[in-house]
>>> print(open('entry-v4.csv').read())   # CSV, C-alpha atoms and all ligand atoms
chain,number,residue,atom,x,y,z
R,268,MET,CA,-9.7,-7.8,18.9
R,269,ASN,CA,-7.5,-4.7,18.5
R,270,ASP,CA,-8.8,-3.3,21.7
R,271,LEU,CA,-5.3,-2.5,23.1
R,272,LEU,CA,-4.5,-0.4,20.0
R,273,ARG,CA,-7.7,1.7,20.4
R,274,LYS,CA,-7.7,2.4,24.1
R,275,SER,CA,-5.2,4.7,25.7
R,276,THR,CA,-5.9,3.9,29.4
R,277,ASP,CA,-6.8,0.2,29.3
R,278,PRO,CA,-5.4,-1.5,32.4
R,279,ALA,CA,-4.8,-4.6,30.3
R,280,ARG,CA,-2.2,-2.9,28.1
R,281,GLY,CA,1.5,-3.2,28.9
R,282,ARG,CA,3.1,-5.3,31.6
R,283,THR,CA,5.0,-3.0,33.9
R,284,ASP,CA,8.3,-4.6,33.1
R,285,ASP,CA,7.8,-4.5,29.3
R,286,LYS,CA,9.2,-1.3,28.1
R,287,LEU,CA,9.5,-1.7,24.4
R,288,ARG,CA,12.5,-0.1,22.9
R,289,LEU,CA,14.2,0.1,19.6
R,290,ARG,CA,17.5,1.5,18.4
R,291,PRO,CA,17.2,3.4,15.2
R,292,TYR,CA,18.2,1.1,12.3
R,293,VAL,CA,18.8,1.3,8.6
R,294,PHE,CA,16.9,-0.9,6.1
R,295,ARG,CA,17.6,-1.7,2.5
R,296,LEU,CA,14.9,-2.9,0.2
R,297,PRO,CA,15.3,-5.5,-2.6
R,298,SER,CA,15.2,-2.6,-5.1
R,299,GLY,CA,18.3,-1.1,-3.4
R,300,GLU,CA,16.4,1.8,-1.9
R,301,ALA,CA,17.3,2.5,1.7
R,302,GLY,CA,15.9,4.2,4.7
R,303,MET,CA,15.8,4.4,8.5
R,304,VAL,CA,13.3,3.3,11.2
R,305,ARG,CA,13.1,4.9,14.6
R,306,ALA,CA,10.6,5.3,17.5
R,307,ILE,CA,8.1,8.1,17.1
R,308,ARG,CA,8.4,11.1,19.3
R,309,PRO,CA,5.9,13.8,20.4
R,310,ARG,CA,7.5,16.3,18.1
R,311,ASP,CA,6.6,14.1,15.1
R,312,ALA,CA,3.0,15.0,15.4
R,313,ASP,CA,2.9,17.4,12.4
R,314,ARG,CA,4.9,14.9,10.4
R,315,LEU,CA,2.6,12.0,11.2
R,316,GLN,CA,-0.5,14.1,10.5
R,317,ALA,CA,0.9,15.1,7.1
R,318,TYR,CA,1.7,11.5,6.4
R,319,VAL,CA,-1.9,10.4,7.2
R,320,ARG,CA,-3.4,13.2,5.1
R,321,ASN,CA,-1.2,12.1,2.2
R,322,LEU,CA,-2.2,8.4,2.3
R,323,SER,CA,-4.8,7.4,-0.2
R,324,ALA,CA,-8.4,7.3,1.1
R,325,SER,CA,-8.4,3.5,0.8
R,326,ALA,CA,-5.0,3.2,2.7
R,327,ARG,CA,-6.3,5.4,5.5
R,328,ARG,CA,-9.5,3.3,5.7
R,329,ASN,CA,-7.6,0.1,5.8
R,330,ARG,CA,-5.1,1.3,8.4
R,331,PHE,CA,-7.6,3.0,10.7
R,332,LEU,CA,-10.6,0.8,10.0
R,333,GLY,CA,-12.8,3.7,9.1
R,334,SER,CA,-13.2,6.7,6.9
R,335,LEU,CA,-11.1,9.7,8.0
R,336,SER,CA,-9.1,12.4,6.3
R,337,GLU,CA,-6.8,13.1,9.2
R,338,LEU,CA,-6.1,12.0,12.7
R,339,ALA,CA,-8.2,13.5,15.5
R,340,PRO,CA,-6.1,15.5,18.0
R,341,THR,CA,-6.5,12.8,20.7
R,342,GLU,CA,-5.5,10.0,18.3
R,343,LEU,CA,-2.5,12.1,17.1
R,344,SER,CA,-1.4,12.7,20.6
R,345,ARG,CA,-1.9,9.0,21.6
R,346,LEU,CA,0.2,7.8,18.6
R,347,THR,CA,3.0,10.2,19.3
R,348,HIS,CA,3.2,9.3,22.9
R,349,MET,CA,3.4,5.5,22.6
R,350,ASP,CA,6.1,5.2,25.2
R,351,ARG,CA,4.3,3.5,28.1
R,352,PRO,CA,5.1,-0.1,29.1
R,353,GLY,CA,4.2,-2.6,26.4
R,354,GLU,CA,3.6,-0.2,23.6
R,355,LEU,CA,5.7,1.1,20.7
R,356,ALA,CA,5.1,3.2,17.6
R,357,LEU,CA,7.7,3.5,14.9
R,358,ILE,CA,8.2,5.6,11.8
R,359,ALA,CA,10.2,4.9,8.7
R,360,PHE,CA,12.0,7.3,6.4
R,361,ALA,CA,13.3,6.6,2.9
R,362,ARG,CA,16.4,8.2,1.4
R,363,VAL,CA,15.3,10.2,-1.7
R,364,GLY,CA,18.2,12.2,-2.9
R,365,SER,CA,19.1,14.5,-0.1
R,366,GLU,CA,15.7,14.2,1.5
R,367,MET,CA,14.3,11.6,4.0
R,368,PRO,CA,10.4,11.7,3.7
R,369,MET,CA,8.4,9.6,6.1
R,370,VAL,CA,7.1,6.6,4.3
R,371,ALA,CA,5.6,4.2,6.8
R,372,GLU,CA,4.5,3.7,10.4
R,373,THR,CA,3.8,0.8,12.7
R,374,VAL,CA,2.2,0.4,16.1
R,375,GLN,CA,2.2,-2.5,18.6
R,376,VAL,CA,0.8,-3.0,22.1
R,377,ILE,CA,1.4,-6.1,24.2
R,378,ALA,CA,-1.3,-7.2,26.6
R,379,SER,CA,-0.6,-7.1,30.3
R,380,ASN,CA,-0.7,-10.8,30.6
R,381,GLY,CA,1.8,-11.1,27.7
R,382,GLN,CA,-0.6,-13.4,25.8
R,383,HIS,CA,-0.8,-11.4,22.7
R,384,CYS,CA,0.6,-8.4,20.9
R,385,GLU,CA,-1.7,-6.3,18.7
R,386,ILE,CA,-0.2,-4.7,15.6
R,387,ALA,CA,-1.1,-2.3,12.8
R,388,LEU,CA,1.0,-0.7,10.1
R,389,SER,CA,0.9,1.4,6.9
R,390,VAL,CA,3.2,2.2,4.0
R,391,MET,CA,2.8,5.3,1.9
R,392,ASP,CA,1.1,4.4,-1.4
R,393,ALA,CA,4.1,5.2,-3.6
R,394,TRP,CA,6.3,3.0,-1.4
R,395,GLN,CA,4.1,0.0,-1.4
R,396,ARG,CA,5.0,-3.3,-3.0
R,397,LYS,CA,8.7,-2.7,-2.6
R,398,GLY,CA,9.1,-5.0,0.5
R,399,LEU,CA,8.9,-2.3,3.2
R,400,GLY,CA,5.8,-3.8,4.7
R,401,THR,CA,7.6,-7.1,5.0
R,402,VAL,CA,10.6,-5.5,6.8
R,403,LEU,CA,8.3,-3.7,9.2
R,404,LEU,CA,6.2,-6.8,9.9
R,405,TRP,CA,9.5,-8.7,10.7
R,406,ASN,CA,10.3,-5.9,13.1
R,407,LEU,CA,6.9,-6.2,14.9
R,408,GLU,CA,7.4,-9.9,15.2
R,409,CYS,CA,11.0,-9.7,16.5
R,410,GLN,CA,9.9,-7.2,19.1
R,411,ALA,CA,6.9,-9.3,20.2
R,412,ARG,CA,9.1,-12.4,20.4
R,413,ALA,CA,11.7,-10.6,22.4
R,414,LEU,CA,9.0,-9.7,24.9
R,415,GLY,CA,7.7,-13.2,25.1
R,416,ALA,CA,4.3,-12.6,23.5
R,417,SER,CA,2.5,-15.8,22.6
R,418,HIS,CA,0.6,-14.4,19.5
R,419,LEU,CA,0.8,-11.5,17.1
R,420,ILE,CA,-2.7,-10.3,16.2
R,421,GLY,CA,-4.2,-7.7,13.9
R,422,GLU,CA,-7.6,-6.6,12.6
R,423,VAL,CA,-7.8,-6.2,8.9
R,424,VAL,CA,-10.6,-5.0,6.6
R,425,ARG,CA,-12.0,-8.0,4.9
R,426,THR,CA,-11.4,-6.5,1.4
R,427,ASN,CA,-7.8,-5.5,2.2
R,428,GLU,CA,-6.0,-8.0,-0.1
R,429,ALA,CA,-2.6,-6.3,0.4
R,430,MET,CA,-2.5,-6.8,4.1
R,431,LYS,CA,-4.0,-10.3,3.9
R,432,GLY,CA,-1.4,-11.1,1.3
R,433,LEU,CA,1.4,-9.7,3.4
R,434,ALA,CA,0.2,-11.5,6.5
R,435,HIS,CA,-0.3,-14.8,4.7
R,436,LYS,CA,3.2,-14.6,3.3
R,437,ALA,CA,4.6,-13.9,6.8
R,438,GLY,CA,2.9,-17.1,8.2
R,439,PHE,CA,-0.2,-15.6,9.8
R,440,GLU,CA,-3.5,-17.4,9.9
R,441,ILE,CA,-6.5,-15.4,8.6
R,442,ARG,CA,-9.7,-15.9,10.6
R,443,SER,CA,-13.2,-14.4,10.6
R,444,PRO,CA,-14.1,-13.0,14.0
R,445,PHE,CA,-17.8,-13.1,14.8
R,446,ARG,CA,-18.2,-9.6,16.1
R,447,ASP,CA,-17.7,-7.6,12.9
R,448,ALA,CA,-18.3,-9.1,9.5
R,449,ARG,CA,-16.3,-6.3,7.8
R,450,LEU,CA,-13.1,-7.5,9.4
R,451,VAL,CA,-10.9,-10.5,9.5
R,452,GLU,CA,-8.3,-11.3,12.2
R,453,ILE,CA,-4.7,-12.1,11.3
R,454,ILE,CA,-3.0,-14.2,14.0
R,455,LYS,CA,0.5,-15.8,14.3
R,456,ASP,CA,1.5,-18.3,16.9
R,457,LEU,CA,4.9,-17.1,18.2
R,458,SER,CA,5.5,-20.4,20.0
R,459,ILE,CA,6.4,-21.8,16.7
R,460,ALA,CA,10.0,-21.0,15.8
R,461,GLN,CA,10.5,-18.9,12.7
R,462,ALA,CA,13.6,-19.8,10.8
R,463,GLN,CA,15.7,-16.9,9.3
R,464,LEU,CA,13.7,-14.1,11.0
R,465,PRO,CA,16.1,-11.2,10.7
R,466,CYS,CA,16.0,-10.1,14.4
R,467,GLY,CA,19.0,-7.9,15.0
R,468,ASP,CA,20.2,-6.3,18.1
R,469,GLN,CA,18.0,-3.2,17.7
R,470,TYR,CA,15.5,-4.6,20.2
R,471,TRP,CA,15.8,-4.7,23.9
R,472,ARG,CA,13.7,-4.3,27.0
X,1,LIG,C1,-0.6,-3.7,3.7
X,1,LIG,C2,0.7,-2.9,3.4
X,1,LIG,C3,1.3,-2.5,4.7
X,1,LIG,C4,1.7,-3.8,2.7
X,1,LIG,O1,2.9,-3.1,2.6
X,1,LIG,P1,3.9,-3.3,1.4
X,1,LIG,O2,5.2,-2.5,1.7
X,1,LIG,O3,3.3,-3.0,0.1
X,1,LIG,O4,4.2,-4.9,1.4
X,1,LIG,P2,5.4,-5.7,0.7
X,1,LIG,O5,5.9,-4.9,-0.5
X,1,LIG,O6,6.3,-6.1,1.7
X,1,LIG,O7,4.6,-6.9,0.2
X,1,LIG,C5,4.7,-8.2,0.7
X,1,LIG,C6,3.7,-9.2,0.2
X,1,LIG,O8,2.4,-8.8,0.5
X,1,LIG,C7,1.5,-9.1,-0.5
X,1,LIG,N1,0.9,-7.9,-1.1
X,1,LIG,C8,1.3,-6.6,-0.9
X,1,LIG,N2,0.6,-5.7,-1.6
X,1,LIG,C9,-0.4,-6.5,-2.2
X,1,LIG,C10,-1.5,-6.2,-3.0
X,1,LIG,N3,-1.8,-4.9,-3.4
X,1,LIG,N4,-2.3,-7.2,-3.4
X,1,LIG,C11,-2.0,-8.5,-3.1
X,1,LIG,N5,-1.0,-8.8,-2.3
X,1,LIG,C12,-0.2,-7.8,-1.9
X,1,LIG,C13,2.3,-9.8,-1.6
X,1,LIG,O9,2.2,-11.2,-1.2
X,1,LIG,C14,3.6,-9.2,-1.3
X,1,LIG,O10,4.7,-10.1,-1.8
X,1,LIG,P3,5.1,-9.9,-3.4
X,1,LIG,O11,5.3,-8.5,-3.6
X,1,LIG,O12,6.4,-10.7,-3.4
X,1,LIG,O13,4.0,-10.5,-4.2
X,1,LIG,C15,0.4,-1.7,2.5
X,1,LIG,O14,-0.3,-2.1,1.4
X,1,LIG,C16,-0.4,-0.6,3.2
X,1,LIG,O15,0.2,0.2,3.9
X,1,LIG,N6,-1.7,-0.6,3.0
X,1,LIG,C17,-2.6,0.5,3.6
X,1,LIG,C18,-2.7,0.4,5.1
X,1,LIG,C19,-3.1,-1.0,5.6
X,1,LIG,O16,-3.8,-1.7,4.9
X,1,LIG,N7,-2.6,-1.4,6.8
X,1,LIG,C20,-2.9,-2.7,7.3
X,1,LIG,C21,-3.7,-2.5,8.6
X,1,LIG,S1,-3.3,-3.7,9.8
>>> encode(input="entry-v4.csv", output="structure tokens")
Amino acid sequence: MNDLLRKSTDPARGRTDDKLRLRPYVFRLPSGEAGMVRAIRPRDADRLQAYVRNLSASARRNRFLGSLSELAPTELSRLTHMDRPGELALIAFARVGSEMPMVAETVQVIASNGQHCEIALSVMDAWQRKGLGTVLLWNLECQARALGASHLIGEVVRTNEAMKGLAHKAGFEIRSPFRDARLVEIIKDLSIAQAQLPCGDQYWR
């Protein structure tokens, strides 16, 4: 299902009027640790590649749905140029003393007909289970709602208990698509109002 996330030139991606944007914003985790999220830029290519290399092998496999040690040049370029209508890639940094290492990334692409918005995300292993995935998934949902998408959709490796747990907690259904037995689909109907979703003013179109 995550065809839009995979293809860079699919005519179905992105309605022409849907330029996804995000103002950089600060987050604070329940543990008190804080950080910042902003849109990715072309000059983040080395940073993103280092982040991917430093993910555990299982996190990389779960995020990119296959075995890889780093991003191929075309994929790296695609992910750092997600600025066409209907697409947005974000990176998150955590404050660690005087440093701000990159600790997470998200990507979302909305279909040209606005029917659904495809998502994927990852959190650096040492930063997992602190609530950051939850914060980022809220963001993805707020942005998709702001653009009028009907559903939020992602492909998840069937054995990825962390993402299935995160999705379940966030109100997604988990389904088994027929075309690939290794994957499940997570899907959330955005026509159903979500109480207390912390959508701030960082999103606009
Ligand atoms: C999936 C992922 C993004 C979750 O991020 P995270 O920051 O750890 O998530 P959170 O801390 O917000 O966890 C929220 C909930 O998800 C579930 N969850 C998270 N990690 C889990 C795990 N290892 N096992 C079971 N449930 C888990 C729990 O319900 C958790 O709530 P709780 O901590 O109150 O029990 C992270 O594990 C990750 O980056 N994995 C590798 C890449 C990946 O799988 N991406 C998904 C591709 S779409």
>>> closest_atom_pairs(input="entry-v4.csv", of="chain R", to="ligand LIG 1 (chain X)", cutoff="9 Å", atoms="all atoms listed in the file", output="tab-separated table")
residue	atom	partner	partner_atom	distance
R:Leu322	CA	X:LIG1	C17	8.0
R:Ser323	CA	X:LIG1	C17	8.2
R:Ser325	CA	X:LIG1	C17	7.1
R:Ala326	CA	X:LIG1	C17	3.7
R:Arg327	CA	X:LIG1	C18	6.2
R:Arg328	CA	X:LIG1	C18	7.4
R:Asn329	CA	X:LIG1	O16	4.3
R:Arg330	CA	X:LIG1	N7	4.0
R:Phe331	CA	X:LIG1	C21	7.1
R:Leu332	CA	X:LIG1	C21	7.8
R:Ala371	CA	X:LIG1	O15	7.3
R:Glu372	CA	X:LIG1	O15	8.5
R:Thr373	CA	X:LIG1	S1	8.9
R:Ile386	CA	X:LIG1	S1	6.7
R:Ala387	CA	X:LIG1	S1	4.0
R:Leu388	CA	X:LIG1	N7	4.9
R:Ser389	CA	X:LIG1	O15	3.3
R:Val390	CA	X:LIG1	O15	3.6
R:Met391	CA	X:LIG1	O15	6.1
R:Asp392	CA	X:LIG1	O15	6.8
R:Trp394	CA	X:LIG1	O2	6.4
R:Gln395	CA	X:LIG1	O3	3.4
R:Arg396	CA	X:LIG1	O5	3.1
R:Lys397	CA	X:LIG1	O5	4.1
R:Gly398	CA	X:LIG1	O6	3.2
R:Leu399	CA	X:LIG1	O2	4.0
R:Gly400	CA	X:LIG1	O2	3.3
R:Thr401	CA	X:LIG1	O6	3.7
R:Val402	CA	X:LIG1	O6	6.7
R:Leu403	CA	X:LIG1	O6	8.1
R:Leu404	CA	X:LIG1	O6	8.2
R:Gly421	CA	X:LIG1	S1	5.8
R:Glu422	CA	X:LIG1	S1	5.9
R:Val423	CA	X:LIG1	S1	5.2
R:Val424	CA	X:LIG1	C21	7.6
R:Asn427	CA	X:LIG1	O16	6.1
R:Glu428	CA	X:LIG1	N4	5.0
R:Ala429	CA	X:LIG1	C9	3.4
R:Met430	CA	X:LIG1	C1	3.7
R:Lys431	CA	X:LIG1	N5	7.0
R:Gly432	CA	X:LIG1	C7	4.0
R:Leu433	CA	X:LIG1	O8	3.2
R:Ala434	CA	X:LIG1	O8	6.9
R:His435	CA	X:LIG1	O9	7.3
R:Lys436	CA	X:LIG1	O9	5.7
R:Ala437	CA	X:LIG1	C6	8.2
R:Ile453	CA	X:LIG1	S1	8.6
>>> write_last_selection(input="entry-v4.csv", atoms="C-alpha atoms", output="short mmCIF file (atom, residue, chain, number, x, y, z; two decimals), keeping the file's coordinate frame")
data_model
loop_
_atom_site.label_atom_id
_atom_site.label_comp_id
_atom_site.auth_asym_id
_atom_site.auth_seq_id
_atom_site.Cartn_x
_atom_site.Cartn_y
_atom_site.Cartn_z
CA LEU R 322 -2.20 8.40 2.30
CA SER R 323 -4.80 7.40 -0.20
CA SER R 325 -8.40 3.50 0.80
CA ALA R 326 -5.00 3.20 2.70
CA ARG R 327 -6.30 5.40 5.50
CA ARG R 328 -9.50 3.30 5.70
CA ASN R 329 -7.60 0.10 5.80
CA ARG R 330 -5.10 1.30 8.40
CA PHE R 331 -7.60 3.00 10.70
CA LEU R 332 -10.60 0.80 10.00
CA ALA R 371 5.60 4.20 6.80
CA GLU R 372 4.50 3.70 10.40
CA THR R 373 3.80 0.80 12.70
CA ILE R 386 -0.20 -4.70 15.60
CA ALA R 387 -1.10 -2.30 12.80
CA LEU R 388 1.00 -0.70 10.10
CA SER R 389 0.90 1.40 6.90
CA VAL R 390 3.20 2.20 4.00
CA MET R 391 2.80 5.30 1.90
CA ASP R 392 1.10 4.40 -1.40
CA TRP R 394 6.30 3.00 -1.40
CA GLN R 395 4.10 0.00 -1.40
CA ARG R 396 5.00 -3.30 -3.00
CA LYS R 397 8.70 -2.70 -2.60
CA GLY R 398 9.10 -5.00 0.50
CA LEU R 399 8.90 -2.30 3.20
CA GLY R 400 5.80 -3.80 4.70
CA THR R 401 7.60 -7.10 5.00
CA VAL R 402 10.60 -5.50 6.80
CA LEU R 403 8.30 -3.70 9.20
CA LEU R 404 6.20 -6.80 9.90
CA GLY R 421 -4.20 -7.70 13.90
CA GLU R 422 -7.60 -6.60 12.60
CA VAL R 423 -7.80 -6.20 8.90
CA VAL R 424 -10.60 -5.00 6.60
CA ASN R 427 -7.80 -5.50 2.20
CA GLU R 428 -6.00 -8.00 -0.10
CA ALA R 429 -2.60 -6.30 0.40
CA MET R 430 -2.50 -6.80 4.10
CA LYS R 431 -4.00 -10.30 3.90
CA GLY R 432 -1.40 -11.10 1.30
CA LEU R 433 1.40 -9.70 3.40
CA ALA R 434 0.20 -11.50 6.50
CA HIS R 435 -0.30 -14.80 4.70
CA LYS R 436 3.20 -14.60 3.30
CA ALA R 437 4.60 -13.90 6.80
CA ILE R 453 -4.70 -12.10 11.30
#
>>> atom_distance(input="entry-v4.csv", atom1="atom CA of R:Ala411", atom2="atom CA of R:Pro352")
12.9 Å
>>> closest_residue(input="entry-v4.csv", among="R:Ala359, R:Val370, R:Ile420, R:Val319", to="R:Val304", atoms="all atoms listed in the file")
R:Ala359
>>> atom_distance(input="entry-v4.csv", atom1="atom CA of R:Leu338", atom2="atom CA of R:Arg320")
8.2 Å
>>> closest_residue(input="entry-v4.csv", among="R:Ala324, R:Ile358, R:Leu335, R:Leu315", to="R:Gly302", atoms="all atoms listed in the file")
R:Ile358
>>> atom_distance(input="entry-v4.csv", atom1="atom CA of R:Ile441", atom2="atom CA of R:His383")
15.7 Å
>>> closest_residue(input="entry-v4.csv", among="R:Pro465, R:Arg345, R:Gly415, R:Gly333", to="R:Leu450", atoms="all atoms listed in the file")
R:Gly333
>>> decode(input="entry-v4.csv", residues="stretch 423-437 of chain R", atoms="N, CA and C atoms", output="CSV table (one decimal), in the first residue's frame")
chain,number,residue,atom,x,y,z
R,423,VAL,N,3.6,-2.2,7.7
R,423,VAL,CA,4.5,-2.5,8.9
R,423,VAL,C,4.8,-4.0,8.8
R,424,VAL,N,6.1,-4.3,9.1
R,424,VAL,CA,6.5,-5.7,9.1
R,424,VAL,C,5.7,-6.4,10.2
R,425,ARG,N,5.2,-7.6,9.8
R,425,ARG,CA,4.3,-8.3,10.6
R,425,ARG,C,4.8,-8.6,12.0
R,426,THR,N,6.1,-8.8,12.1
R,426,THR,CA,6.8,-9.1,13.4
R,426,THR,C,7.1,-7.8,14.2
R,427,ASN,N,6.8,-6.6,13.7
R,427,ASN,CA,7.2,-5.4,14.3
R,427,ASN,C,6.2,-5.0,15.4
R,428,GLU,N,6.5,-5.6,16.6
R,428,GLU,CA,5.5,-5.4,17.7
R,428,GLU,C,5.5,-4.0,18.2
R,429,ALA,N,6.7,-3.3,18.1
R,429,ALA,CA,6.7,-1.9,18.6
R,429,ALA,C,5.8,-1.0,17.8
R,430,MET,N,5.9,-1.1,16.4
R,430,MET,CA,5.0,-0.2,15.6
R,430,MET,C,3.6,-0.6,15.7
R,431,LYS,N,3.3,-1.9,15.8
R,431,LYS,CA,1.9,-2.4,15.9
R,431,LYS,C,1.4,-1.9,17.2
R,432,GLY,N,2.2,-1.9,18.3
R,432,GLY,CA,1.8,-1.4,19.6
R,432,GLY,C,1.5,0.1,19.6
R,433,LEU,N,2.4,0.8,19.0
R,433,LEU,CA,2.3,2.3,18.9
R,433,LEU,C,1.0,2.6,18.1
R,434,ALA,N,0.8,1.9,16.9
R,434,ALA,CA,-0.3,2.2,16.1
R,434,ALA,C,-1.6,1.9,16.8
R,435,HIS,N,-1.6,0.7,17.5
R,435,HIS,CA,-2.8,0.3,18.2
R,435,HIS,C,-3.2,1.3,19.3
R,436,LYS,N,-2.2,1.8,20.0
R,436,LYS,CA,-2.4,2.8,21.0
R,436,LYS,C,-3.0,4.1,20.5
R,437,ALA,N,-2.6,4.4,19.2
R,437,ALA,CA,-3.0,5.6,18.6
R,437,ALA,C,-4.3,5.5,17.8
